[in-house]
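A.B. asks: The structure follows.
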Amino acid sequence: MAKPDSLGQFEQLVMTAILARREDAYGVTIHSKVEELARPKAVSLGAVYVTLDRLEDKGLIASWLSDPTAERGGRAKRCYRLEALGERVLEESAVTARRIWESLVDVWGREWGRRWGKELR
Amino acid sequence: MKSAPSKAAEAIVAILVPPACREEVVGDLHERYRSPSQYAFDAWITVPLVILSRVRRTADPQVVLIQAFALYVSFLCAAWFKDAALLQAQWGLLRLAIPAGITLLVVMLEDAYASPGRRSPLRPVRGPVLGLAFALASQGLFWSGNPDLALPRWILLYGCAMSLLLSCAVRMLFPPPTNQLHGANAPADWLKQVGDSDENLKALPAIAAAFLLFLVALHLWK
């Protein structure tokens, strides 16, 4: 079993998407947010399901079934939220990413940092 | 343009998706529906990954390894007792692995497709029986199509009988999980599922004795 404190890049994306969607985090909305975060890469819905299952097994997220809705053909949604451990691990990943960013700016220069900073915004 | 997938298409997808995650996956695909071709493509790339993820959650690697070993040893012993020449033949050991591999695959899929929460006393037996039925059917196809890959009839029958015994024993000792329990640093799932694992380990000598008895019976028969 993977250690809960080791997050892959795709896992970070999925967890960020869950956090961003708040109460409305389920398969379809998580997938659309992950696609937005991972652009220009295409992301399959299946890959999101696999990662959600793995994160749940690691104890980083929790899920529950909501009430069925007509727009889904009378099927329920599986909603997700971050657990406390998940939030802590995501926080650590964000800090690490920030450190990587700052190191790259040191090496490749402030101009590179400004250019990519604008694109990210 | 239709705003919902056809009932037939949705029914096919619902059959293919394991029951444990059917509700949300079929609902998500329904919500994303734009056109029949988009729905078919979405299902085509999503369902296999959902099945694989479910297999990963329901199969404990250690138990799968024990089962693979038990299945292969069963066919190996059957070949050793009935026709040891097969072990020396070209691809002989590989031919023995075919029914064992098919049985293991079917057992893993049967666990993945089991309804969560539904407990049946026949569950430890159902998977191996189904797996061996598929293994026998595949051998039937080999006999008619490619006899070089097929096992001799008696080796197959003895191997299946021993496989059934050992596989059921392994599944009784380490019951397949119906739903993955969550939590960081969780131990192997079967340890939690069986609860009192010491009680189950007490059955180990009985299983070993049954296996030995089977070997002796085979030897006498020979």
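In the structure tokens, chains take the letters A, B, ... in the order shown, each chain's residues start at 1, and ligands count up from 1 in the order shown.
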Counting only C-alpha atoms, collect the residues of chain B whose closest atom lies at most 12 Å from chain A, and write them out as a PyMOL selection string.

C.D. replies: chain B and resi 3-7+10-11+14+17+20-33+41-58+60-62+179-189

A.B. asks: From chain A, collect each residue whose DSSP state is helix (DSSP H, G or I) and return the set as number ranges by chain.

C.D. replies: A: 9-24, 27-38, 45-57, 70-72, 84-108, 110-120

A.B. asks: Using Å and a single decimal, report how far atom CA of Gln67 of chain B sits from atom CA of Pro124 of chain B.

C.D. replies: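 It comes out at 12.2 Å.
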
A.B. asks: Considering only strand (DSSP E) as DSSP defines it on the backbone, what residues of chain A qualify? List them as a PyMOL selection string.

C.D. replies: chain A and resi 61-65+78-82

A.B. asks: Could you work out how far atom CA of Trp101 of chain A lies from atom CA of Gln9 of chain A, giving the answer in Å with one decimal?

C.D. replies: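 Going from atom CA of Gln9 of chain A over to atom CA of Trp101 of chain A covers 14.8 Å.
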
A.B. asks: So what do you get for atom CA of Leu76 of chain B versus atom CA of Leu149 of chain B, distance-wise?

C.D. replies: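 So the two atoms, atom CA of Leu76 of chain B and atom CA of Leu149 of chain B, lie 15.3 Å apart.
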
A.B. asks: Taking 6 positions as the minimum chain separation for residues in the same chain, which residues sit within 7 Å of segment 162-166 of chain B when counting only C-alpha atoms? Answer as a PyMOL selection string.

C.D. replies: chain B and resi 70-71+74+128-129

A.B. asks: Now that the selection is made, can you save its residues with N, CA and C atoms as a JSON list (two decimals), in the first residue's frame?

C.D. replies:
[["chain", "number", "residue", "atom", "x", "y", "z"],
["B", 70, "ALA", "N", -1.46, -21.96, -5.63],
["B", 70, "ALA", "CA", -2.28, -23.15, -5.36],
["B", 70, "ALA", "C", -2.84, -23.72, -6.67],
["B", 71, "LEU", "N", -3.31, -22.85, -7.55],
["B", 71, "LEU", "CA", -3.89, -23.31, -8.82],
["B", 71, "LEU", "C", -2.84, -23.97, -9.69],
["B", 74, "SER", "N", -1.68, -27.30, -8.36],
["B", 74, "SER", "CA", -2.69, -28.33, -8.57],
["B", 74, "SER", "C", -2.51, -29.00, -9.93],
["B", 128, "PRO", "N", -14.19, -19.99, -7.67],
["B", 128, "PRO", "CA", -13.42, -21.09, -8.25],
["B", 128, "PRO", "C", -14.23, -21.98, -9.19],
["B", 129, "VAL", "N", -15.50, -22.25, -8.85],
["B", 129, "VAL", "CA", -16.33, -23.11, -9.71],
["B", 129, "VAL", "C", -16.51, -22.44, -11.07]]
